[in-house]
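Everything below belongs to query-v3.txt, which stores compact mmCIF, C-alpha atoms.
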# COMPACT_ATOMS: atom_id res chain seq x y z
CA MET A 19 43.01 4.93 -139.17
CA ARG A 20 43.96 2.92 -136.09
CA PRO A 21 42.45 3.54 -132.66
CA ALA A 22 44.84 5.35 -130.31
CA LEU A 23 44.39 2.79 -127.52
CA TRP A 24 45.17 -0.25 -129.63
CA VAL A 25 48.15 -2.10 -128.09
CA GLY A 26 50.16 -2.27 -131.30
CA SER A 27 49.35 1.24 -132.44
CA ARG A 28 52.11 3.38 -133.88
CA HIS A 29 50.18 6.53 -133.20
CA PRO A 30 52.61 9.35 -132.22
CA ARG A 31 50.76 10.00 -128.95
CA ASP A 32 50.84 6.33 -127.92
CA ARG A 33 52.46 6.63 -124.47
CA ASP A 34 51.70 3.03 -123.56
CA ARG A 35 54.50 1.38 -125.49
CA LEU A 36 57.50 0.36 -123.39
CA GLY A 37 60.82 1.38 -124.84
CA VAL A 38 59.37 4.21 -126.92
CA ASN A 39 57.95 6.63 -124.38
CA GLY A 40 58.26 4.62 -121.18
CA ASN A 41 59.70 6.38 -118.15
CA THR A 42 63.14 5.09 -117.24
CA ILE A 43 64.35 5.33 -113.66
CA SER A 44 67.13 3.90 -111.54
CA ILE A 45 66.41 1.86 -108.42
CA GLU A 46 68.93 2.02 -105.61
CA ARG A 47 69.31 0.55 -102.16
CA ALA A 48 69.24 2.76 -99.07
CA ASP A 49 73.07 2.82 -99.04
CA GLY A 50 73.18 4.16 -102.63
CA ALA A 51 74.17 0.92 -104.38
CA VAL A 52 72.40 0.62 -107.74
CA LEU A 53 70.07 -2.39 -107.92
CA CYS A 54 68.55 -1.69 -111.33
CA GLU A 55 70.24 0.89 -113.53
CA ARG A 56 67.63 1.05 -116.31
CA CYS A 57 64.17 0.30 -114.98
CA LEU A 58 61.11 0.99 -117.10
CA VAL A 59 58.01 2.11 -115.22
CA ALA A 60 54.72 0.49 -116.24
CA ASP A 61 52.03 2.59 -114.59
CA THR A 62 49.20 2.55 -117.14
CA PHE A 63 46.81 -0.30 -117.88
CA TRP A 64 48.38 -1.14 -121.23
CA THR A 65 52.02 -1.02 -120.10
CA ARG A 66 51.22 -3.25 -117.12
CA PHE A 67 49.18 -5.57 -119.36
CA ARG A 68 52.01 -5.96 -121.85
CA GLY A 69 54.79 -6.12 -119.27
CA LEU A 70 57.65 -8.24 -120.58
CA MET A 71 55.56 -10.32 -122.97
CA GLY A 72 57.25 -10.51 -126.34
CA HIS A 73 60.68 -9.55 -125.00
CA LYS A 74 63.56 -11.95 -125.55
CA GLY A 75 65.13 -11.23 -122.17
CA LEU A 76 66.43 -8.60 -119.79
CA ALA A 77 69.99 -7.32 -119.66
CA ASP A 78 71.74 -7.46 -116.27
CA ASP A 79 71.08 -3.75 -115.64
CA GLU A 80 67.44 -3.73 -116.80
CA GLY A 81 64.15 -4.19 -114.99
CA LEU A 82 60.46 -3.37 -115.01
CA LEU A 83 58.55 -1.66 -112.20
CA LEU A 84 54.81 -2.36 -112.26
CA ARG A 85 52.67 -0.01 -110.17
CA PRO A 86 50.17 -0.80 -108.88
CA ALA A 87 50.59 -4.58 -108.97
CA GLY A 88 50.35 -7.05 -106.11
CA SER A 89 50.54 -10.08 -108.38
CA VAL A 90 52.18 -11.02 -111.67
CA HIS A 91 52.08 -13.80 -114.21
CA THR A 92 54.67 -15.00 -116.69
CA LEU A 93 52.19 -16.21 -119.30
CA PHE A 94 53.51 -15.87 -122.85
CA MET A 95 57.00 -15.00 -121.59
CA ARG A 96 60.12 -16.71 -122.88
CA PHE A 97 62.50 -16.42 -119.94
CA PRO A 98 62.53 -16.66 -116.12
CA ILE A 99 62.64 -13.55 -113.92
CA ASP A 100 63.15 -12.57 -110.30
CA VAL A 101 60.06 -10.87 -108.86
CA VAL A 102 60.37 -8.43 -105.96
CA PHE A 103 57.11 -7.35 -104.33
CA LEU A 104 57.16 -3.94 -102.64
CA ASP A 105 54.74 -2.08 -100.39
CA ARG A 106 53.69 1.58 -100.83
CA GLU A 107 56.94 2.82 -99.28
CA TYR A 108 59.04 0.59 -101.58
CA THR A 109 60.01 -1.80 -98.80
CA VAL A 110 60.61 -5.38 -99.95
CA VAL A 111 57.69 -7.57 -98.90
CA LYS A 112 58.60 -10.76 -100.76
CA VAL A 113 61.21 -12.00 -103.24
CA VAL A 114 60.32 -14.75 -105.71
CA PRO A 115 63.55 -15.95 -107.37
CA ASP A 116 63.66 -17.55 -110.81
CA LEU A 117 59.95 -17.43 -111.68
CA ARG A 118 59.71 -19.52 -114.85
CA PRO A 119 57.36 -18.87 -117.79
CA TRP A 120 53.69 -19.80 -117.37
CA ARG A 121 53.65 -19.27 -113.60
CA LEU A 122 51.88 -16.90 -111.18
CA ALA A 123 53.18 -15.08 -108.09
CA LEU A 124 51.55 -12.77 -105.56
CA ALA A 125 52.25 -11.09 -102.26
CA ARG A 126 49.62 -10.29 -99.70
CA ARG A 127 50.82 -6.74 -98.90
CA GLY A 128 52.48 -6.12 -102.28
CA LYS A 129 51.45 -2.88 -103.96
CA ARG A 130 54.25 -2.58 -106.52
CA THR A 131 56.29 -5.21 -108.33
CA LEU A 132 59.85 -5.08 -109.59
CA GLU A 133 60.80 -7.61 -112.26
CA LEU A 134 64.53 -8.28 -112.62
CA PRO A 135 66.65 -10.72 -114.64
CA SER A 136 66.79 -14.19 -113.13
CA GLY A 137 69.41 -14.34 -110.37
CA ALA A 138 69.69 -10.56 -109.91
CA ALA A 139 67.99 -10.53 -106.49
CA ALA A 140 70.29 -13.25 -105.16
CA ARG A 141 73.42 -11.55 -106.56
CA ALA A 142 72.37 -8.31 -104.88
CA GLY A 143 71.51 -10.08 -101.62
CA LEU A 144 68.07 -8.50 -101.61
CA GLU A 145 66.09 -9.41 -98.49
CA ARG A 146 62.65 -8.85 -97.05
CA GLY A 147 62.35 -5.58 -95.12
CA GLU A 148 64.94 -3.70 -97.17
CA ARG A 149 63.84 -0.31 -98.48
CA LEU A 150 64.51 0.71 -102.07
CA VAL A 151 64.82 4.23 -103.47
CA LEU A 152 63.55 5.34 -106.88
CA VAL A 153 65.75 7.88 -108.65
CA PRO A 154 64.55 9.70 -111.80
CA GLY A 155 66.68 9.00 -114.86
CA THR A 156 69.63 6.63 -114.93
CA PRO A 157 73.09 7.11 -113.34
CA LYS A 158 74.61 7.76 -116.78
CA THR A 159 72.09 10.52 -117.66
CA ARG A 160 72.41 12.08 -114.20
CA ALA A 161 76.21 12.16 -114.51
CA SER A 162 76.02 13.98 -117.85
CA ALA A 163 73.52 16.55 -116.60

Exercise: express the given structure as structure tokens:
Amino acid sequence: MRPALWVGSRHPRDRDRLGVNGNTISIERADGAVLCERCLVADTFWTRFRGLMGHKGLADDEGLLLRPAGSVHTLFMRFPIDVVFLDREYTVVKVVPDLRPWRLALARRGKRTLELPSGAAARAGLERGERLVLVPGTPKTRASA
């Protein structure tokens, strides 16, 4: 029998595995433009610990929201990411573009961190001071409801 808190556990109540039971949300700008269509929320110790380690990459519409997290590392990752640090009200505090593997990043007032595919923040024109909105579910699931 495997312990329920083991990271690689396949226990049916294992809520800490991203992609299996992770919460998926959509992140939009204040004007309603979708920034991240499918964003997984990592809000437990194990989901934050695992993060994107072991993933091969992120699709253009994917992301990971770490909360709480004022700093991140890309140790054991295989691909670069854009890191957006947010405060408690989801206002952009700092944007770190193209953070390569085996690097660290932090923001002084950052309380939450949004990890996006490399180049996504620049394509979206994301700037410091902009407020983001979290929307439960994804636009596709909301449209079908």

- Query: If you count only C-alpha atoms, which residues fall within 9 Å of Leu152 of chain A, apart from same-chain ones fewer than 3 positions away, as a list in words?
  - Reply: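 Residues meeting the cut-off are Ile43, Ser44, Ile45, Glu46, Arg47 and Tyr108 of chain A.
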
Based on the selection just made, write C-alpha atoms of those residues as a CSV table (one decimal), keeping the file's coordinate frame.
chain,number,residue,atom,x,y,z
A,43,ILE,CA,64.4,5.3,-113.7
A,44,SER,CA,67.1,3.9,-111.5
A,45,ILE,CA,66.4,1.9,-108.4
A,46,GLU,CA,68.9,2.0,-105.6
A,47,ARG,CA,69.3,0.6,-102.2
A,108,TYR,CA,59.0,0.6,-101.6

- Item | Distance in Å - atom CA of Thr92 of chain A versus atom CA of Trp120 of chain A |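 Interatomic distance, atom CA of Thr92 of chain A to atom CA of Trp120 of chain A: 4.9 Å.
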
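Put simply, atom CA of Pro135 of chain A is 8.8 Å away from atom CA of Val101 of chain A.
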
- Query: Restricting the calculation to all atoms listed in the file, which member of A:Leu104, A:Thr42, A:Leu84, A:Ala48 is positioned closest to Thr62 of chain A?
  - Reply: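 Closest to Thr62 of chain A, using all atoms listed in the file: A:Leu84.
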
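Reported to one decimal place, the separation of atom CA of His91 of chain A from atom CA of Glu133 of chain A is 10.9 Å.
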
- Task: Please provide as an MDAnalysis selection string all residues within 9 Å of segment 67-81 of chain A, with the sequence filter that same-chain residues fewer than 2 positions apart are discarded (counting all atoms listed in the file).
- Result: chainID A and resid 25 35:36 53:60 62:65 83:84 92:99 132:136 138

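For the choices A:Leu82, A:Ala123, A:Val52, A:Val102, the atom-to-atom distance to Ala139 of chain A is smallest for A:Val102 when using all atoms listed in the file.
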
Quick one: 5 Å padding each side, axis-aligned, all listed atoms of segment 64-72 of chain A - centre and edge lengths in Å to one decimal, as lines of an AutoDock Vina configuration file?
center_x = 53.0
center_y = -5.8
center_z = -121.7
size_x = 19.3
size_y = 19.5
size_z = 19.2

- Task: Identify which of the residues A:Asp116, A:Glu148, A:Glu107, A:Asp61 lies closest to Asp49 of chain A, counting all atoms listed in the file when measuring atom-to-atom distances.
- Result: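 Closest candidate: A:Glu148.
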
- Return the single residue from A:Ala51, A:Gly155, A:Ala142, A:Phe103 that is closest to Ala87 of chain A, with distances computed using only C-alpha atoms.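 Of A:Ala51, A:Gly155, A:Ala142, A:Phe103, the one nearest Ala87 of chain A, counting only C-alpha atoms, is A:Phe103.
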
- Hey, which of A:Gly88, A:Pro115, A:Leu124, A:Arg130 ends up closest to Leu144 of chain A? Count all atoms listed in the file.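 So, comparing all the options, the nearest one is A:Pro115.
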
- Task: Choose the residue, out of A:Arg126, A:Pro86, A:Leu150, A:Gly137, that has the smallest atom-to-atom separation from Asp100 of chain A; count all atoms listed in the file.
- Result: A:Gly137
